[in-house]
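Everything below concerns the one structure shown next.
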Amino acid sequence: TLNTADRHNWNDHSREFIFASSNYTVHNFFYDNVSRPIRNATLYIPNGTPPSGGWPLVSFWHGGFYAAGNKADVDMNWVRWLLYNGFAVSTGEWIVGQAMINNPFAIGTWPNANSGRFPSFVIDPKLFALYMTQKGTSGDNTYPINTELMCITGHSAGGGIALMAGVSRDLVLNGRDLTVNNPLYGYRTATPDPEFKCIYVYSPPTDMKWAFDN
């Protein structure tokens, strides 16, 4: 819950922001430096003094039928609107697969491009969020981000990924490890999954069994 002072500060700052790029800073980085630099993200941070604890973060994940798309597939007017209203915004690359386009056997060899598969799709946003906790105000303060106020969102396949990542904290489901500790797709260390303050998704697939059966 945001206190009155924080709300007041955000409103004060947001009045300073216009849609011009001079009012925010853009950072590009890899969020998994262990062995898979394909995982990368862009972070947009408002200029000016952040609220106490750092800027809240909206983490966006693109769509693409689990087999296409990239982090540039985001509405920049929406990004600027969030920046204007006092939120940092990220848009991340997740490792897409090719299993659903024409040839069901064309999936790449992990961890190369086009080698994504369940549950790597779910783990990628968690690895990003974990990276941000290490680099935000609760970590080494590389970025003035308050990861205690982190929302995950996405569209289409990205919405499904965001939804699954948000509701599966520290979950092993039917023998499948959906956590950042997954021995193949994660960090392979005893690290708790990050926590998202909210989940907001649009047009997400929610019943994949029905989709395959029909």
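Labels used: A, B, ... for chains in the order of the structure tokens, numbers from 1 for residues in each chain, and numbers from 1 for ligands as shown.
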Give me the residues within 7 Å of region 118-122 of chain A as a PDB file with C-alpha atoms, in the first residue's frame, counting only C-alpha atoms and dropping any in the same chain fewer than 2 places off.
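Writing the result to result.pdb gives the following:
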```
ATOM      1  CA  TRP A  94      12.247 -14.044 -23.220  1.00  0.00           C
ATOM      2  CA  ILE A  95      13.697 -16.951 -25.142  1.00  0.00           C
ATOM      3  CA  GLY A 116      12.425 -21.609 -25.456  1.00  0.00           C
ATOM      4  CA  ASP A 124      12.541 -15.806 -17.721  1.00  0.00           C
ATOM      5  CA  PRO A 125      10.458 -12.986 -16.129  1.00  0.00           C
ATOM      6  CA  ILE A 161       3.842 -15.757 -19.293  1.00  0.00           C
ATOM      7  CA  MET A 164       2.063 -17.804 -14.836  1.00  0.00           C
ATOM      8  CA  ALA A 165       5.177 -16.115 -13.450  1.00  0.00           C
ATOM      9  CA  LEU A 178       8.874 -23.343 -12.129  1.00  0.00           C
ATOM     10  CA  TYR A 185      16.532 -22.994 -17.118  1.00  0.00           C
TER      11      TYR A 185
END
```
Output as a VMD selection string all residues of region 144-176 of chain A that backbone DSSP marks as strand (DSSP E). chain A and resid 145 to 155 172 to 173 176
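With only C-alpha atoms as the basis for measurement, A:Leu149 is the residue among A:Leu149, A:Val96, A:Ala68, A:Ala129 that approaches Pro51 (chain A) most closely.
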Helix (DSSP H, G or I) residues, from DSSP on the backbone, in region 22-162 of chain A, as a ChimeraX atom specification: /A:22-23,76-84,120-135,157-162
Just-selected residues, N, CA, C and O atoms written as a short mmCIF file (atom, residue, chain, number, x, y, z; two decimals), in the first residue's frame:
```cif
data_model
loop_
_atom_site.label_atom_id
_atom_site.label_comp_id
_atom_site.auth_asym_id
_atom_site.auth_seq_id
_atom_site.Cartn_x
_atom_site.Cartn_y
_atom_site.Cartn_z
N SER A 22 13.88 13.39 -23.36
CA SER A 22 14.81 14.04 -22.44
C SER A 22 14.37 13.93 -21.00
O SER A 22 15.13 14.25 -20.08
N ASN A 23 13.15 13.45 -20.77
CA ASN A 23 12.64 13.34 -19.42
C ASN A 23 12.72 11.93 -18.84
O ASN A 23 12.18 11.66 -17.77
N MET A 76 5.02 2.59 -27.16
CA MET A 76 5.81 3.60 -26.48
C MET A 76 4.95 4.72 -25.90
O MET A 76 5.35 5.38 -24.94
N ASN A 77 3.77 4.96 -26.46
CA ASN A 77 2.88 5.95 -25.84
C ASN A 77 2.46 5.49 -24.45
O ASN A 77 2.36 6.28 -23.52
N TRP A 78 2.21 4.18 -24.33
CA TRP A 78 1.87 3.60 -23.03
C TRP A 78 3.06 3.70 -22.08
O TRP A 78 2.89 4.05 -20.90
N VAL A 79 4.26 3.41 -22.58
CA VAL A 79 5.46 3.51 -21.75
C VAL A 79 5.63 4.94 -21.25
O VAL A 79 5.86 5.18 -20.05
N ARG A 80 5.49 5.91 -22.15
CA ARG A 80 5.68 7.31 -21.76
C ARG A 80 4.60 7.77 -20.79
O ARG A 80 4.86 8.58 -19.89
N TRP A 81 3.38 7.24 -20.95
CA TRP A 81 2.31 7.60 -20.03
C TRP A 81 2.63 7.11 -18.62
O TRP A 81 2.43 7.83 -17.64
N LEU A 82 3.17 5.90 -18.52
CA LEU A 82 3.56 5.38 -17.21
C LEU A 82 4.71 6.20 -16.63
O LEU A 82 4.72 6.53 -15.44
N LEU A 83 5.70 6.52 -17.45
CA LEU A 83 6.81 7.36 -16.99
C LEU A 83 6.29 8.71 -16.50
O LEU A 83 6.71 9.20 -15.45
N TYR A 84 5.37 9.28 -17.23
CA TYR A 84 4.77 10.57 -16.88
C TYR A 84 4.10 10.49 -15.51
O TYR A 84 4.09 11.47 -14.75
N SER A 120 10.62 -22.70 -19.39
CA SER A 120 11.57 -21.58 -19.49
C SER A 120 10.84 -20.25 -19.67
O SER A 120 11.28 -19.21 -19.18
N PHE A 121 9.69 -20.28 -20.39
CA PHE A 121 8.91 -19.07 -20.59
C PHE A 121 8.52 -18.43 -19.25
O PHE A 121 8.52 -17.20 -19.12
N VAL A 122 8.16 -19.26 -18.29
CA VAL A 122 7.71 -18.78 -16.98
C VAL A 122 8.87 -18.27 -16.15
O VAL A 122 8.75 -17.31 -15.39
N ILE A 123 10.01 -18.90 -16.32
CA ILE A 123 11.17 -18.59 -15.49
C ILE A 123 11.87 -17.31 -15.93
O ILE A 123 12.42 -16.57 -15.10
N ASP A 124 11.84 -16.99 -17.22
CA ASP A 124 12.54 -15.81 -17.72
C ASP A 124 12.13 -14.53 -16.99
O ASP A 124 12.99 -13.77 -16.53
N PRO A 125 10.82 -14.21 -16.86
CA PRO A 125 10.46 -12.99 -16.13
C PRO A 125 10.87 -13.01 -14.67
O PRO A 125 11.16 -11.97 -14.07
N LYS A 126 10.90 -14.21 -14.07
CA LYS A 126 11.34 -14.32 -12.68
C LYS A 126 12.84 -14.00 -12.56
O LYS A 126 13.27 -13.34 -11.61
N LEU A 127 13.63 -14.46 -13.54
CA LEU A 127 15.05 -14.16 -13.52
C LEU A 127 15.28 -12.66 -13.68
O LEU A 127 16.18 -12.09 -13.04
N PHE A 128 14.47 -12.03 -14.52
CA PHE A 128 14.58 -10.58 -14.67
C PHE A 128 14.26 -9.89 -13.34
O PHE A 128 14.99 -8.98 -12.91
N ALA A 129 13.16 -10.29 -12.71
CA ALA A 129 12.77 -9.67 -11.44
C ALA A 129 13.83 -9.89 -10.37
O ALA A 129 14.12 -9.00 -9.56
N LEU A 130 14.42 -11.08 -10.35
CA LEU A 130 15.49 -11.37 -9.39
C LEU A 130 16.69 -10.46 -9.65
O LEU A 130 17.29 -9.91 -8.72
N TYR A 131 17.02 -10.28 -10.92
CA TYR A 131 18.13 -9.39 -11.28
C TYR A 131 17.85 -7.97 -10.79
O TYR A 131 18.74 -7.29 -10.26
N MET A 132 16.61 -7.52 -10.95
CA MET A 132 16.26 -6.17 -10.53
C MET A 132 16.34 -6.02 -9.01
O MET A 132 16.71 -4.96 -8.51
N THR A 133 15.99 -7.07 -8.26
CA THR A 133 16.13 -6.98 -6.81
C THR A 133 17.60 -6.86 -6.41
O THR A 133 17.94 -6.21 -5.41
N GLN A 134 18.48 -7.45 -7.21
CA GLN A 134 19.91 -7.35 -6.95
C GLN A 134 20.47 -5.99 -7.33
O GLN A 134 21.46 -5.53 -6.75
N LYS A 135 19.84 -5.34 -8.31
CA LYS A 135 20.35 -4.08 -8.84
C LYS A 135 19.53 -2.86 -8.43
O LYS A 135 19.91 -1.73 -8.71
N ALA A 157 0.76 -13.98 -25.64
CA ALA A 157 1.64 -14.96 -25.02
C ALA A 157 2.39 -14.36 -23.85
O ALA A 157 2.60 -15.02 -22.82
N GLY A 158 2.80 -13.10 -24.00
CA GLY A 158 3.48 -12.42 -22.90
C GLY A 158 2.58 -12.24 -21.69
O GLY A 158 3.05 -12.25 -20.55
N GLY A 159 1.28 -12.06 -21.94
CA GLY A 159 0.34 -11.99 -20.85
C GLY A 159 0.23 -13.32 -20.12
O GLY A 159 0.15 -13.38 -18.89
N GLY A 160 0.21 -14.41 -20.90
CA GLY A 160 0.18 -15.74 -20.29
C GLY A 160 1.42 -16.00 -19.47
O GLY A 160 1.36 -16.57 -18.37
N ILE A 161 2.57 -15.59 -20.00
CA ILE A 161 3.84 -15.76 -19.29
C ILE A 161 3.84 -14.95 -18.00
O ILE A 161 4.23 -15.44 -16.93
N ALA A 162 3.39 -13.69 -18.09
CA ALA A 162 3.35 -12.84 -16.91
C ALA A 162 2.42 -13.41 -15.86
O ALA A 162 2.73 -13.41 -14.65
#
```
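Of the residues listed (A:Thr189, A:Ser168, A:Ser203, A:Thr49), A:Thr49 shows the shortest atom-to-atom separation from Pro144 (chain A); distances use only C-alpha atoms.
Within the 12 Å cut-off around Met150 (chain A), using only C-alpha atoms and omitting residues fewer than 5 positions from it on the same chain, the listed residues are Gly54, Trp55, Pro56, Leu57, Val58, Ser59, Phe60, Phe87, Ala88, Val89, Ser90, Pro125, Lys126, Phe128, Ala129, Leu130, Met132, Thr133, Gly136, Ile145, Gly166, Pro194, Glu195, Phe196, Lys197, Cys198, Ile199 and Tyr200 of chain A.
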Export N, CA, C and O atoms of the chosen residues as a compact mmCIF listing (two decimals), in the first residue's frame?
```txt
# COMPACT_ATOMS: atom_id res chain seq x y z
N GLY A 54 12.58 4.36 -4.08
CA GLY A 54 12.81 4.17 -5.50
C GLY A 54 11.53 4.15 -6.31
O GLY A 54 10.42 4.10 -5.77
N TRP A 55 11.69 4.19 -7.63
CA TRP A 55 10.53 4.18 -8.53
C TRP A 55 9.86 2.80 -8.52
O TRP A 55 10.54 1.78 -8.56
N PRO A 56 8.53 2.75 -8.49
CA PRO A 56 7.85 1.46 -8.72
C PRO A 56 8.08 1.02 -10.15
O PRO A 56 8.30 1.85 -11.04
N LEU A 57 8.03 -0.27 -10.40
CA LEU A 57 8.38 -0.81 -11.71
C LEU A 57 7.23 -1.58 -12.32
O LEU A 57 6.63 -2.44 -11.66
N VAL A 58 6.94 -1.30 -13.59
CA VAL A 58 6.00 -2.08 -14.38
C VAL A 58 6.83 -2.90 -15.37
O VAL A 58 7.52 -2.34 -16.22
N SER A 59 6.77 -4.22 -15.26
CA SER A 59 7.58 -5.13 -16.08
C SER A 59 6.70 -5.73 -17.17
O SER A 59 5.82 -6.54 -16.89
N PHE A 60 6.97 -5.34 -18.42
CA PHE A 60 6.15 -5.77 -19.57
C PHE A 60 6.84 -6.89 -20.34
O PHE A 60 8.05 -6.84 -20.58
N PHE A 87 6.21 5.97 -12.90
CA PHE A 87 6.59 4.55 -12.87
C PHE A 87 7.79 4.33 -13.78
O PHE A 87 7.87 4.90 -14.87
N ALA A 88 8.72 3.50 -13.35
CA ALA A 88 9.72 2.96 -14.26
C ALA A 88 9.07 1.82 -15.04
O ALA A 88 8.12 1.19 -14.56
N VAL A 89 9.58 1.57 -16.25
CA VAL A 89 9.00 0.54 -17.11
C VAL A 89 10.13 -0.30 -17.69
O VAL A 89 11.14 0.23 -18.13
N SER A 90 9.93 -1.60 -17.71
CA SER A 90 10.89 -2.48 -18.39
C SER A 90 10.16 -3.29 -19.45
O SER A 90 8.96 -3.56 -19.33
N PRO A 125 10.82 -14.21 -16.86
CA PRO A 125 10.46 -12.99 -16.13
C PRO A 125 10.87 -13.01 -14.67
O PRO A 125 11.16 -11.97 -14.07
N LYS A 126 10.90 -14.21 -14.07
CA LYS A 126 11.34 -14.32 -12.68
C LYS A 126 12.84 -14.00 -12.56
O LYS A 126 13.27 -13.34 -11.61
N PHE A 128 14.47 -12.03 -14.52
CA PHE A 128 14.58 -10.58 -14.67
C PHE A 128 14.26 -9.89 -13.34
O PHE A 128 14.99 -8.98 -12.91
N ALA A 129 13.16 -10.29 -12.71
CA ALA A 129 12.77 -9.67 -11.44
C ALA A 129 13.83 -9.89 -10.37
O ALA A 129 14.12 -9.00 -9.56
N LEU A 130 14.42 -11.08 -10.35
CA LEU A 130 15.49 -11.37 -9.39
C LEU A 130 16.69 -10.46 -9.65
O LEU A 130 17.29 -9.91 -8.72
N MET A 132 16.61 -7.52 -10.95
CA MET A 132 16.26 -6.17 -10.53
C MET A 132 16.34 -6.02 -9.01
O MET A 132 16.71 -4.96 -8.51
N THR A 133 15.99 -7.07 -8.26
CA THR A 133 16.13 -6.98 -6.81
C THR A 133 17.60 -6.86 -6.41
O THR A 133 17.94 -6.21 -5.41
N GLY A 136 18.38 -3.07 -7.78
CA GLY A 136 17.54 -1.97 -7.34
C GLY A 136 17.96 -1.42 -6.00
O GLY A 136 19.07 -1.70 -5.50
N ILE A 145 15.20 1.66 -8.37
CA ILE A 145 13.96 0.90 -8.54
C ILE A 145 13.56 0.25 -7.23
O ILE A 145 14.38 -0.41 -6.58
N GLY A 166 3.60 -14.72 -12.25
CA GLY A 166 3.10 -14.03 -11.07
C GLY A 166 2.44 -14.93 -10.04
O GLY A 166 2.49 -14.64 -8.84
N PRO A 194 11.29 -14.13 -6.80
CA PRO A 194 10.88 -12.76 -6.49
C PRO A 194 9.36 -12.69 -6.37
O PRO A 194 8.63 -13.55 -6.86
N GLU A 195 8.89 -11.62 -5.72
CA GLU A 195 7.46 -11.44 -5.52
C GLU A 195 6.98 -10.23 -6.31
O GLU A 195 7.61 -9.18 -6.30
N PHE A 196 5.86 -10.40 -7.00
CA PHE A 196 5.26 -9.29 -7.74
C PHE A 196 4.11 -8.70 -6.92
O PHE A 196 3.27 -9.44 -6.38
N LYS A 197 4.07 -7.39 -6.86
CA LYS A 197 3.04 -6.72 -6.08
C LYS A 197 1.68 -6.82 -6.76
O LYS A 197 0.64 -6.87 -6.09
N CYS A 198 1.68 -6.85 -8.08
CA CYS A 198 0.42 -6.98 -8.81
C CYS A 198 0.67 -7.64 -10.15
O CYS A 198 1.81 -7.70 -10.64
N ILE A 199 -0.40 -8.17 -10.74
CA ILE A 199 -0.37 -8.79 -12.06
C ILE A 199 -1.49 -8.16 -12.88
O ILE A 199 -2.64 -8.11 -12.44
N TYR A 200 -1.13 -7.65 -14.06
CA TYR A 200 -2.14 -7.10 -14.96
C TYR A 200 -1.82 -7.60 -16.37
O TYR A 200 -0.76 -7.27 -16.91
```
